[in-house]
Each structure stands twice: as C-alpha cells, then as structure tokens.
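Asks: Here you go, one structure.
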Amino acid sequence: MVTGLSGPGLTEGTDAAMMIADLIDGKDPALVKRFSTSRFSLNQVPKMALQQRQVMSDYAERALPADEIDESDLKIGEGGVGMVRGEHFAVCKDQSGEFNRYSLICTHAGGVVRWNAAAQTWDCQVHGGRYTANGDRFYGLPTV
Ligand code: FES
C-alpha cells in the first residue's frame, strides 16, 4: 500500500502501481527505495525540524501582531500578509491593477498563505495549496 502522495499523486501513484506490480512479479524495482518507509534516517531530523518551524511560524502568524499594509503603497504584482485597518488580511494588487483582499487563512486546513511574487499566486506551505491573485484555487488541495 502507498499513501500520502499529495500534489504529485497522479504521477507517483502510477509509479507506485508499477512498482507493486514488479514486486508481485518477483522483480527488484529501483523505485522501492523511494517509497520505502525506512527511507528516513535520524540525520534528516534537523532538516525536517526546520521545515516544520516555518509551518508553525505561519500558524502562529494568525494570532501575532503584524505590520500594517497600506494598500496605496502596493505596486502592480505586489502583495503580502498583514494588518489592514486592524484586521489580518492577504492583500495584493494584481496585474490589472485591482486590489484583492482576502483572509490569509488557507481554506484547506488553516495554514497561512504567502504571496509568491514570481508566480503571482498565494501559496500555502502546509500542504502546497495555491490560489490565484483573485483567490481562486490554482493548484493543490484547498476547497473553496
Ligand atoms: S492548509 Fe493550506 S494546503 Fe493544506
């Protein structure tokens, strides 16, 4: 059984099915190491801790004071998470010059989104969900 494939699940699910078929046929598929439950070692713990620190920091940001965002200072393509008139928001000025102001909370499981200026998307690091500048689901798990 293979689970937890997340965003690339269609590709990795196909890889896993091929690997399982090879195992049943008595072959030694190269993908076994990639899907093995013992692929993690203790020397990877610091890297995993750093990744989780960022996620926990994002969750904490829901309750912590944040910088005030003056929407009139935003240039086209800029965005960020902060306070607008005393409330937390995710704010951006999209490519058409329109301001977009939304909750900073990812609808999937409550992560905090971050503005991705290069892609012009709101990205959630918790499970990789992404939203367009105007708040529509772009990629990944979130539901509206
Ligand atoms: S909480 Fe944002 S993608 Fe899951």
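How things are named: the first chain in the structure tokens is A, the next is B, and so on; residues count from 1 in each chain; ligands count from 1 in the order shown.
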What's the 10 Å shell around A:Glu71, counting only C-alpha atoms, without same-chain residues fewer than 2 positions away, as a PDB file with C-alpha atoms, in the first residue's frame?
Replies:
ATOM      1  CA  GLU A  68       0.139  47.405   8.756  1.00  0.00           C
ATOM      2  CA  ILE A  69      -0.216  47.226   4.975  1.00  0.00           C
ATOM      3  CA  ASP A  73       1.791  51.649  -1.425  1.00  0.00           C
ATOM      4  CA  LEU A  74       1.378  48.372  -3.341  1.00  0.00           C
ATOM      5  CA  LYS A  75       2.655  48.333  -6.903  1.00  0.00           C
ATOM      6  CA  GLU A  78       2.987  43.102  -5.156  1.00  0.00           C
ATOM      7  CA  GLY A  79       1.237  41.512  -2.220  1.00  0.00           C
ATOM      8  CA  GLY A  80       1.650  40.456   1.359  1.00  0.00           C
ATOM      9  CA  VAL A  84      -5.436  46.427   7.092  1.00  0.00           C
ATOM     10  CA  VAL A  91      -3.598  41.738   0.100  1.00  0.00           C
ATOM     11  CA  CYS A  92      -2.244  42.089  -3.429  1.00  0.00           C
ATOM     12  CA  LYS A  93      -2.513  44.392  -6.403  1.00  0.00           C
ATOM     13  CA  PHE A  99      -6.668  45.323  -5.212  1.00  0.00           C
ATOM     14  CA  ASN A 100      -7.542  41.908  -3.837  1.00  0.00           C
ATOM     15  CA  ARG A 101      -8.045  41.469  -0.107  1.00  0.00           C
TER      16      ARG A 101
END
Asks: Which residues are near ligand 1 in this structure, taking near to mean any atom at most 7 Å from a ligand atom and counting only C-alpha atoms and all ligand atoms? Format them as a list in words.
Replies: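 Using only C-alpha atoms and all ligand atoms, everything at most 7 Å from ligand 1 comes to Cys106, Thr107, His108, Ala109, Gly110, Gly111, Val112, Cys124, Gln125, Val126, His127, Gly128, Gly129, Gly140, Leu141 and Pro142 of chain A.
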Asks: Report the residues of stretch 58-113 of chain A whose backbone DSSP state falls under strand (DSSP E or B), written as a count of residues only.
Replies: 21
Asks: Under the rule that only C-alpha atoms are counted, which of A:Tyr102, A:Trp115, A:Phe35, A:Tyr131 is the nearest residue to A:Ala16?
Replies: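 The answer is A:Phe35, which sits nearest to A:Ala16.
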Asks: Pick out each residue of chain A that DSSP on the backbone tags as alpha helix (DSSP H); I need them as a ChimeraX atom specification.
Replies: /A:9-24,32-35,45-60
Asks: Nearest to A:Val113 among A:Gly4, A:Gly86, A:Asp58, A:Gln95, with distances taken over only C-alpha atoms: which residue is it?
Replies: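 Going through A:Gly4, A:Gly86, A:Asp58, A:Gln95 one by one, the smallest distance to A:Val113 is for A:Asp58.
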Asks: Have a look at atom CA of A:Thr37 and atom CA of A:Gln54 and let me know their distance in Å, one decimal.
Replies: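 Interatomic distance, atom CA of A:Thr37 to atom CA of A:Gln54: 24.4 Å.
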Asks: Would you mind reading off the distance between atom CA of A:Met18 and atom CA of A:Leu31, one decimal, in Å?
Replies: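 Separation of atom CA of A:Met18 and atom CA of A:Leu31: 9.2 Å.
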Asks: Name the residues in contact with A:Leu64 at a cut-off of 12 Å, using only C-alpha atoms, excluding same-chain residues fewer than 3 positions from it; report them as a ChimeraX atom specification.
Replies: /A:57-61,67,81-83,87-88
Asks: Report the distance between atom CA of A:Leu104 and atom CA of A:Arg62 in Å, rounded to one decimal place.
Replies: 8.0 Å
